[in-house]
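query14.cif (mmCIF, C-alpha atoms) appears below.
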data_run
loop_
_atom_site.label_atom_id
_atom_site.label_comp_id
_atom_site.auth_asym_id
_atom_site.auth_seq_id
_atom_site.Cartn_x
_atom_site.Cartn_y
_atom_site.Cartn_z
CA MET A 11 0.00 0.00 0.00
CA ASN A 12 1.17 3.55 -0.74
CA LYS A 13 3.06 5.07 2.21
CA LYS A 14 1.07 8.29 1.92
CA ILE A 15 -2.20 6.37 2.30
CA LEU A 16 -0.81 4.48 5.29
CA ALA A 17 0.43 7.76 6.78
CA ASN A 18 -2.98 9.39 6.38
CA PHE A 19 -4.62 6.35 7.97
CA ALA A 20 -2.12 6.51 10.86
CA LEU A 21 -3.05 10.16 11.47
CA PHE A 22 -6.74 9.25 11.23
CA LEU A 23 -6.22 6.61 13.93
CA THR A 24 -4.30 9.17 16.00
CA GLY A 25 -7.24 11.57 15.85
CA LEU A 26 -9.61 8.72 16.74
CA ILE A 27 -7.53 7.67 19.76
CA TRP A 28 -7.16 11.25 20.96
CA GLY A 29 -10.87 11.94 20.52
CA VAL A 30 -11.99 8.88 22.44
CA SER A 31 -9.49 9.76 25.17
CA PHE A 32 -11.97 12.44 26.29
CA VAL A 33 -14.40 9.61 26.96
CA ALA A 34 -11.75 7.86 29.06
CA GLN A 35 -11.04 11.08 30.93
CA LYS A 36 -14.73 11.60 31.66
CA ALA A 37 -15.29 7.99 32.71
CA GLY A 38 -12.26 8.10 34.97
CA MET A 39 -13.80 10.83 37.12
CA ASP A 40 -16.28 8.27 38.48
CA TYR A 41 -13.46 6.48 40.33
CA VAL A 42 -10.52 8.80 41.04
CA GLY A 43 -9.83 12.53 41.32
CA PRO A 44 -8.44 14.70 38.49
CA PHE A 45 -4.89 14.73 39.86
CA GLY A 46 -4.96 11.01 40.59
CA PHE A 47 -6.09 10.28 37.04
CA ASN A 48 -3.38 12.51 35.54
CA PHE A 49 -0.77 10.97 37.82
CA ALA A 50 -1.52 7.43 36.66
CA ARG A 51 -2.00 8.21 32.95
CA SER A 52 1.12 10.40 32.75
CA ILE A 53 3.42 7.87 34.40
CA LEU A 54 2.05 5.19 32.07
CA GLY A 55 2.47 7.58 29.15
CA GLY A 56 6.12 8.16 30.00
CA LEU A 57 6.75 4.44 30.42
CA SER A 58 5.02 3.64 27.12
CA LEU A 59 7.43 5.90 25.22
CA ILE A 60 10.58 4.26 26.59
CA PRO A 61 10.35 1.31 24.11
CA VAL A 62 9.89 3.81 21.25
CA ILE A 63 13.05 5.65 22.32
CA PHE A 64 14.96 2.39 22.74
CA VAL A 65 13.99 1.06 19.28
CA ALA A 66 14.90 4.38 17.65
CA LYS A 67 18.28 4.31 19.39
CA MET A 68 18.99 0.75 18.23
CA MET A 69 18.21 1.67 14.61
CA LYS A 70 20.68 4.56 14.49
CA GLU A 71 24.41 4.53 15.21
CA ASP A 72 25.41 6.98 17.93
CA THR A 73 28.36 9.07 16.71
CA ARG A 74 28.06 11.88 19.26
CA THR A 75 31.01 12.98 21.39
CA LYS A 76 30.81 13.09 25.19
CA ALA A 77 30.62 16.88 25.08
CA VAL A 78 27.69 16.81 22.66
CA LYS A 79 25.91 14.17 24.73
CA HIS A 80 26.37 16.24 27.89
CA GLU A 81 24.97 19.35 26.22
CA GLN A 82 22.00 17.44 24.82
CA HIS A 83 21.24 15.91 28.22
CA ILE A 84 21.17 19.39 29.78
CA ASN A 85 18.92 20.66 26.99
CA LEU A 86 16.67 17.62 27.43
CA ALA A 87 16.34 18.30 31.16
CA LYS A 88 15.49 21.97 30.56
CA ALA A 89 13.02 21.13 27.80
CA GLY A 90 11.39 18.29 29.72
CA LEU A 91 10.89 20.42 32.82
CA SER A 92 9.61 23.49 30.93
CA CYS A 93 7.27 21.50 28.68
CA GLY A 94 6.19 19.39 31.63
CA LEU A 95 5.19 22.44 33.68
CA ALA A 96 3.16 23.87 30.79
CA LEU A 97 1.53 20.51 30.07
CA PHE A 98 0.82 19.91 33.76
CA THR A 99 -1.06 23.21 33.96
CA ALA A 100 -3.09 22.47 30.83
CA MET A 101 -3.87 18.86 31.74
CA SER A 102 -4.81 19.71 35.33
CA ILE A 103 -7.29 22.40 34.31
CA GLN A 104 -8.77 20.25 31.55
CA GLN A 105 -9.11 17.17 33.74
CA TYR A 106 -10.72 19.12 36.57
CA SER A 107 -13.23 20.44 34.03
CA MET A 108 -14.16 16.86 33.17
CA LEU A 109 -15.87 16.59 36.55
CA SER A 110 -18.82 18.36 34.93
CA ALA A 111 -18.21 18.96 31.21
CA SER A 112 -19.24 16.32 28.66
CA ALA A 113 -16.62 14.51 26.59
CA GLY A 114 -17.95 15.99 23.35
CA LYS A 115 -17.98 19.56 24.60
CA ALA A 116 -14.50 19.13 26.09
CA GLY A 117 -13.19 17.87 22.75
CA PHE A 118 -14.41 20.90 20.81
CA ILE A 119 -13.42 23.57 23.32
CA SER A 120 -9.99 22.01 23.87
CA ALA A 121 -9.37 22.02 20.10
CA LEU A 122 -9.27 25.83 20.25
CA TYR A 123 -5.63 25.59 21.37
CA ILE A 124 -4.86 25.62 17.63
CA ILE A 125 -6.30 29.14 17.44
CA PHE A 126 -4.68 30.24 20.70
CA VAL A 127 -1.19 29.53 19.32
CA PRO A 128 -1.16 32.37 16.75
CA LEU A 129 -3.00 34.65 19.20
CA ILE A 130 -0.32 34.13 21.85
CA LEU A 131 2.43 34.64 19.27
CA THR A 132 1.13 38.16 18.58
CA PHE A 133 2.71 39.14 21.92
CA PHE A 134 6.05 38.10 20.42
CA GLY A 135 5.70 40.20 17.29
CA GLU A 136 3.86 37.75 15.03
CA LYS A 137 1.03 39.15 12.89
CA LEU A 138 -2.37 37.49 12.66
CA SER A 139 -3.35 36.23 9.23
CA LYS A 140 -6.77 37.01 7.79
CA ASN A 141 -7.80 33.38 8.22
CA VAL A 142 -6.93 33.39 11.91
CA LYS A 143 -8.90 36.61 12.49
CA ILE A 144 -11.96 35.06 10.84
CA SER A 145 -11.38 31.86 12.82
CA VAL A 146 -11.47 33.79 16.09
CA GLY A 147 -14.87 35.22 15.14
CA LEU A 148 -16.22 31.80 14.18
CA ALA A 149 -14.85 30.30 17.39
CA LEU A 150 -16.54 32.97 19.53
CA VAL A 151 -19.89 32.31 17.83
CA GLY A 152 -19.41 28.57 18.27
CA LEU A 153 -18.41 29.01 21.90
CA TYR A 154 -21.53 31.06 22.59
CA LEU A 155 -23.84 28.49 20.97
CA LEU A 156 -22.09 25.58 22.67
CA CYS A 157 -21.63 26.97 26.17
CA PHE A 158 -24.18 29.71 26.88
CA LYS A 159 -27.57 28.26 27.74
CA ASN A 160 -29.96 31.19 27.47
CA SER A 161 -27.92 34.24 28.41
CA ILE A 162 -24.46 35.32 29.55
CA SER A 163 -25.36 34.20 33.06
CA GLY A 164 -25.89 30.69 31.71
CA PHE A 165 -22.18 30.15 31.10
CA ASP A 166 -20.88 27.08 32.93
CA MET A 167 -17.71 27.55 35.01
CA TYR A 168 -16.36 24.22 33.81
CA ASP A 169 -16.72 25.31 30.18
CA GLY A 170 -14.69 28.40 31.06
CA LEU A 171 -12.02 26.22 32.63
CA LEU A 172 -11.84 24.13 29.45
CA LEU A 173 -11.16 27.33 27.53
CA VAL A 174 -8.40 28.27 29.98
CA GLY A 175 -7.00 24.76 29.57
CA ALA A 176 -7.00 25.19 25.79
CA PHE A 177 -5.04 28.42 26.25
CA PHE A 178 -2.36 26.62 28.25
CA TYR A 179 -2.21 23.83 25.66
CA GLY A 180 -1.39 26.64 23.23
CA VAL A 181 1.34 27.83 25.62
CA HIS A 182 2.64 24.26 25.76
CA ILE A 183 2.88 24.08 21.98
CA ILE A 184 4.90 27.30 21.90
CA VAL A 185 7.24 26.04 24.63
CA VAL A 186 7.73 22.81 22.68
CA ASN A 187 8.54 24.82 19.57
CA HIS A 188 11.15 26.82 21.48
CA PHE A 189 13.06 23.68 22.44
CA SER A 190 12.40 21.69 19.24
CA LYS A 191 15.65 22.87 17.64
CA PHE A 192 17.79 21.39 20.40
CA VAL A 193 16.21 18.13 21.55
CA ASN A 194 14.58 14.91 20.38
CA ALA A 195 10.78 15.15 20.37
CA THR A 196 10.14 11.63 21.69
CA LYS A 197 12.57 12.02 24.58
CA VAL A 198 11.09 15.37 25.56
CA SER A 199 7.59 13.88 25.50
CA CYS A 200 8.74 11.03 27.73
CA VAL A 201 10.37 13.38 30.26
CA GLN A 202 7.46 15.82 30.27
CA PHE A 203 4.99 13.02 31.03
CA PHE A 204 7.06 11.99 34.04
CA VAL A 205 7.16 15.64 35.19
CA VAL A 206 3.36 15.84 34.88
CA GLY A 207 3.02 12.53 36.70
CA ILE A 208 5.20 13.60 39.64
CA LEU A 209 3.52 17.01 40.04
CA SER A 210 0.07 15.41 39.76
CA MET A 211 1.03 12.87 42.42
CA LEU A 212 2.01 15.66 44.83
CA LEU A 213 -1.31 17.49 44.35
CA MET A 214 -3.19 14.19 44.53
CA LEU A 215 -1.69 13.51 47.96
CA LEU A 216 -2.42 17.08 49.10
CA PHE A 217 -6.00 17.53 47.88
CA GLU A 218 -7.44 14.07 47.17
CA THR A 219 -7.95 10.80 49.02
CA PRO A 220 -6.79 8.20 46.50
CA THR A 221 -7.48 4.52 47.09
CA TRP A 222 -6.05 1.44 45.43
CA ALA A 223 -9.61 0.22 44.82
CA GLY A 224 -10.37 3.43 42.94
CA PHE A 225 -7.37 3.02 40.64
CA VAL A 226 -8.22 -0.64 40.03
CA ALA A 227 -11.82 0.25 39.15
CA CYS A 228 -10.48 2.97 36.82
CA LYS A 229 -7.93 0.72 35.12
CA ILE A 230 -9.52 0.75 31.63
CA PRO A 231 -9.76 4.57 31.31
CA ILE A 232 -6.26 4.99 32.78
CA LEU A 233 -4.70 2.36 30.51
CA TYR A 234 -6.39 3.90 27.49
CA ALA A 235 -5.42 7.48 28.34
CA GLY A 236 -1.91 6.46 29.35
CA ILE A 237 -0.77 3.83 26.87
CA LEU A 238 -2.99 4.31 23.82
CA THR A 239 -3.20 8.11 23.90
CA CYS A 240 0.48 8.65 24.69
CA GLY A 241 2.51 5.67 23.46
CA VAL A 242 0.49 4.25 20.56
CA ALA A 243 -1.01 7.50 19.22
CA TYR A 244 2.31 9.33 19.50
CA THR A 245 4.08 6.60 17.51
CA LEU A 246 1.36 6.68 14.84
CA GLN A 247 1.65 10.47 14.71
CA ILE A 248 5.41 10.32 14.11
CA PHE A 249 4.95 7.86 11.22
CA GLY A 250 2.02 9.79 9.78
CA GLN A 251 3.79 13.14 9.78
CA LYS A 252 6.85 11.65 8.11
CA TYR A 253 4.94 11.11 4.85
CA THR A 254 2.16 13.72 5.13
CA PRO A 255 2.39 17.50 4.51
CA PRO A 256 1.73 19.61 7.65
CA THR A 257 -1.47 21.08 6.19
CA ILE A 258 -3.04 17.68 5.55
CA ALA A 259 -1.78 16.31 8.87
CA SER A 260 -3.32 19.17 10.84
CA LEU A 261 -6.68 18.83 9.09
CA ILE A 262 -6.83 15.08 9.70
CA LEU A 263 -5.93 15.54 13.37
CA CYS A 264 -8.73 18.12 13.67
CA LEU A 265 -11.10 15.13 13.56
CA GLU A 266 -10.15 14.56 17.20
CA SER A 267 -13.00 16.80 18.37
CA VAL A 268 -15.51 15.02 16.11
CA PHE A 269 -14.48 11.65 17.53
CA ALA A 270 -14.84 13.07 21.05
CA VAL A 271 -18.50 13.82 20.34
CA LEU A 272 -19.11 10.46 18.66
CA GLY A 273 -17.40 8.65 21.52
CA GLY A 274 -19.45 10.55 24.08
CA VAL A 275 -22.68 9.65 22.28
CA MET A 276 -21.86 5.99 21.62
CA ILE A 277 -20.07 5.10 24.86
CA LEU A 278 -21.32 7.54 27.51
CA HIS A 279 -24.75 8.09 25.91
CA GLU A 280 -24.27 11.86 25.92
CA SER A 281 -26.47 14.07 23.77
CA MET A 282 -26.34 17.55 22.29
CA THR A 283 -29.08 20.04 21.54
CA PRO A 284 -29.39 21.44 17.99
CA ARG A 285 -27.96 24.72 19.34
CA GLU A 286 -24.87 22.93 20.68
CA ILE A 287 -24.43 21.02 17.41
CA PHE A 288 -24.43 24.31 15.49
CA GLY A 289 -21.84 25.57 17.95
CA CYS A 290 -19.64 22.56 17.20
CA VAL A 291 -19.95 23.23 13.46
CA PHE A 292 -18.77 26.81 13.94
CA MET A 293 -15.87 25.71 16.13
CA ILE A 294 -14.60 22.95 13.84
CA SER A 295 -14.88 25.40 10.94
CA ALA A 296 -12.76 27.87 12.91
CA VAL A 297 -10.12 25.25 13.65
CA VAL A 298 -9.96 24.03 10.04
CA LEU A 299 -9.86 27.57 8.59
CA SER A 300 -7.03 28.57 10.93
CA GLN A 301 -4.94 25.72 9.51
CA ILE A 302 -5.37 26.55 5.81
CA GLN A 303 -2.73 28.55 3.97
CA THR A 304 -1.37 30.51 6.89
CA LYS A 305 2.20 31.62 7.35
CA ALA A 306 2.51 29.66 10.55
CA LEU A 307 1.20 26.54 8.88
CA LYS A 308 3.59 26.81 5.96
CA LYS A 309 6.40 26.81 8.51
CA GLY A 310 4.69 23.92 10.28
CA TYR A 311 3.01 24.46 13.61
CA PRO A 312 5.19 23.17 16.45
CA GLN A 313 3.07 20.10 17.10
CA PHE A 314 3.45 18.99 13.50
CA GLN A 315 7.16 19.59 13.01
CA LYS A 316 9.42 16.65 12.27
CA ILE A 317 12.32 16.52 14.71
CA GLU A 318 15.17 14.16 13.88
CA LYS A 319 17.74 14.68 16.65
CA ASP A 320 19.46 12.16 18.87
#
Structure encoded using structure tokens:
Amino acid sequence: MNKKILANFALFLTGLIWGVSFVAQKAGMDYVGPFGFNFARSILGGLSLIPVIFVAKMMKEDTRTKAVKHEQHINLAKAGLSCGLALFTAMSIQQYSMLSASAGKAGFISALYIIFVPLILTFFGEKLSKNVKISVGLALVGLYLLCFKNSISGFDMYDGLLLVGAFFYGVHIIVVNHFSKFVNATKVSCVQFFVVGILSMLLMLLFETPTWAGFVACKIPILYAGILTCGVAYTLQIFGQKYTPPTIASLILCLESVFAVLGGVMILHESMTPREIFGCVFMISAVVLSQIQTKALKKGYPQFQKIEKD
């Protein structure tokens, strides 16, 4: 089969896995707290990437000098800690929101991180493209239809937190981009997941009352969110991006929010009103439009860049 077709299918599966992960996150809240869930899934996520790193290392001869290795290890530590802090903030806010928000709604609101990236970059001198400006307008309309019940006072706090979480996912992407020139993407992802896991464990012990029975009862959502979402999906993403242009890759991965809704309906028996469905249409349109023919996209948004370092 053509590698491009396989790559597109790999990205499709990545979007599917990521989308259904919102279902796992929602289901997990029936058994453990937000920090407990993130602790378990992040540690599993970090562990699941170790075989990927090991296989990649075995397939490539290491010709680095000791000095180069030392410098790269320092850069990896800095990148892992910085990315981990940003990801911890985003994941914590998003997971706490899952105490009330539906999986489908969480998927669509969280997808707005793609629009937040260029908005945040304006503070660093980047100019907004026409498409992004239109996307912001579409996203605001979609957000209103999806989250406001009858009036401004009908806005749910948890929906607002999802939006804040999406903002910090945008921050995370920018932090990743900053370090992408110096470190290996897979290794950074592995380290950042362990950072998130450790920080989540500390807050879990401070603010929650975790039990072994709770984690055992939550094993399926945790295993899915930890191993499938991190290890399997990440590996599929790397393969998919290798043979797929950034524009196509980003558009395929946008299906994540659609799969979140479908997963919520089919697995959790969630439902949406016609008003909320229209809101989703506006928001997915905003996300797709922001990815088409923009300067940032031509460069390759940070999450879609190919990084081939040791």
With all atoms listed in the file as the atoms that count, which of A:Ala113, A:Pro61, A:Ile232, A:Gly25 lies nearest to Leu272 in chain A?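 Closest candidate: A:Ala113.
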Just say which residues the PyMOL selection byres ((chain A and resi 35) around 12) picks in this file, as a ChimeraX atom specification. /A:28-34,36-48,50-51,101-102,104-114,116-117,228-236,239,270,273-274,278
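Of the listed residues A:Phe288, A:Tyr244, A:Phe64, A:Phe118, the one whose atoms come nearest to Ser199 in chain A is A:Tyr244, with distances taken using all atoms listed in the file.
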Can you pull out the residues contacting Cys290 in chain A? Cut-off 12 Å, using only C-alpha atoms, and skip same-chain residues under 6 positions away; I want them as a PyMOL selection string. chain A and resi 114-122+148-157+265+267-268+270-271+282-284+296-297
Closest of A:Ile15, A:Leu131, A:Leu246, A:Ile294 to His188 in chain A - atom-to-atom distances counting all atoms listed in the file: A:Leu131
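Within the 6 Å cut-off around range 299-302 of chain A, using all atoms listed in the file and omitting residues fewer than 2 positions from it on the same chain, the listed residues are Asn141, Val142, Ser145, Ser295, Ala296, Val297 and Thr304 of chain A.
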Interatomic distance between CA of Asp72 in chain A and CA of Ser58 in chain A?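 Separation of CA of Asp72 in chain A and CA of Ser58 in chain A: 22.6 Å.
Between CA of Ile124 in chain A and CA of Gly180 in chain A lies a distance of 6.7 Å.
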The PyMOL selection byres ((chain A and resi 138) around 12) applied to the shown file, residues as an mmCIF file with C-alpha atoms, in the coordinates of the input:
data_model
loop_
_atom_site.group_PDB
_atom_site.id
_atom_site.type_symbol
_atom_site.label_atom_id
_atom_site.label_comp_id
_atom_site.auth_asym_id
_atom_site.auth_seq_id
_atom_site.Cartn_x
_atom_site.Cartn_y
_atom_site.Cartn_z
ATOM 1 C CA ILE A 125 -6.300 29.140 17.440
ATOM 2 C CA PHE A 126 -4.680 30.240 20.700
ATOM 3 C CA VAL A 127 -1.190 29.530 19.320
ATOM 4 C CA PRO A 128 -1.160 32.370 16.750
ATOM 5 C CA LEU A 129 -3.000 34.650 19.200
ATOM 6 C CA ILE A 130 -0.320 34.130 21.850
ATOM 7 C CA LEU A 131 2.430 34.640 19.270
ATOM 8 C CA THR A 132 1.130 38.160 18.580
ATOM 9 C CA PHE A 133 2.710 39.140 21.920
ATOM 10 C CA PHE A 134 6.050 38.100 20.420
ATOM 11 C CA GLY A 135 5.700 40.200 17.290
ATOM 12 C CA GLU A 136 3.860 37.750 15.030
ATOM 13 C CA LYS A 137 1.030 39.150 12.890
ATOM 14 C CA SER A 139 -3.350 36.230 9.230
ATOM 15 C CA LYS A 140 -6.770 37.010 7.790
ATOM 16 C CA ASN A 141 -7.800 33.380 8.220
ATOM 17 C CA VAL A 142 -6.930 33.390 11.910
ATOM 18 C CA LYS A 143 -8.900 36.610 12.490
ATOM 19 C CA ILE A 144 -11.960 35.060 10.840
ATOM 20 C CA SER A 145 -11.380 31.860 12.820
ATOM 21 C CA VAL A 146 -11.470 33.790 16.090
ATOM 22 C CA SER A 300 -7.030 28.570 10.930
ATOM 23 C CA THR A 304 -1.370 30.510 6.890
ATOM 24 C CA LYS A 305 2.200 31.620 7.350
ATOM 25 C CA ALA A 306 2.510 29.660 10.550
#
Mind telling me what the PyMOL selection byres ((chain A and resi 56) around 6) catches here, as a ChimeraX atom specification? /A:53-55,57-59,200,203-204
d(CA of Thr245 in chain A, CA of Val198 in chain A) in Å: 13.8 Å
Judged by only C-alpha atoms, the minimum distance to Leu91 in chain A among A:Leu209, A:Cys240, A:Leu216, A:Ile262 is found for A:Leu209
Distance query Thr254 in chain A at most 12 Å, all atoms listed in the file, self and fewer than 5 positions along chain excluded, as a PyMOL selection string: chain A and resi 12-22+247-249+259-263+310+314-316
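Distance check against Cys93 in chain A using only C-alpha atoms: of A:Trp222, A:Tyr179, A:Tyr253, A:Phe217, the minimum falls on A:Tyr179.
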Which one of A:Val181, A:Leu238, A:Met68, A:Ala227 sits closest to Ser92 in chain A if you count all atoms listed in the file?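 The closest residue to Ser92 in chain A is A:Val181.
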With 6 Å added on each side, what axis-aligned box encloses every listed atom of range 27-41 of chain A? Give the centre and edge lengths in Å to one decimal, as AutoDock Vina command-line options.
--center_x -11.7 --center_y 9.5 --center_z 30.0 --size_x 21.1 --size_y 18.0 --size_z 32.6
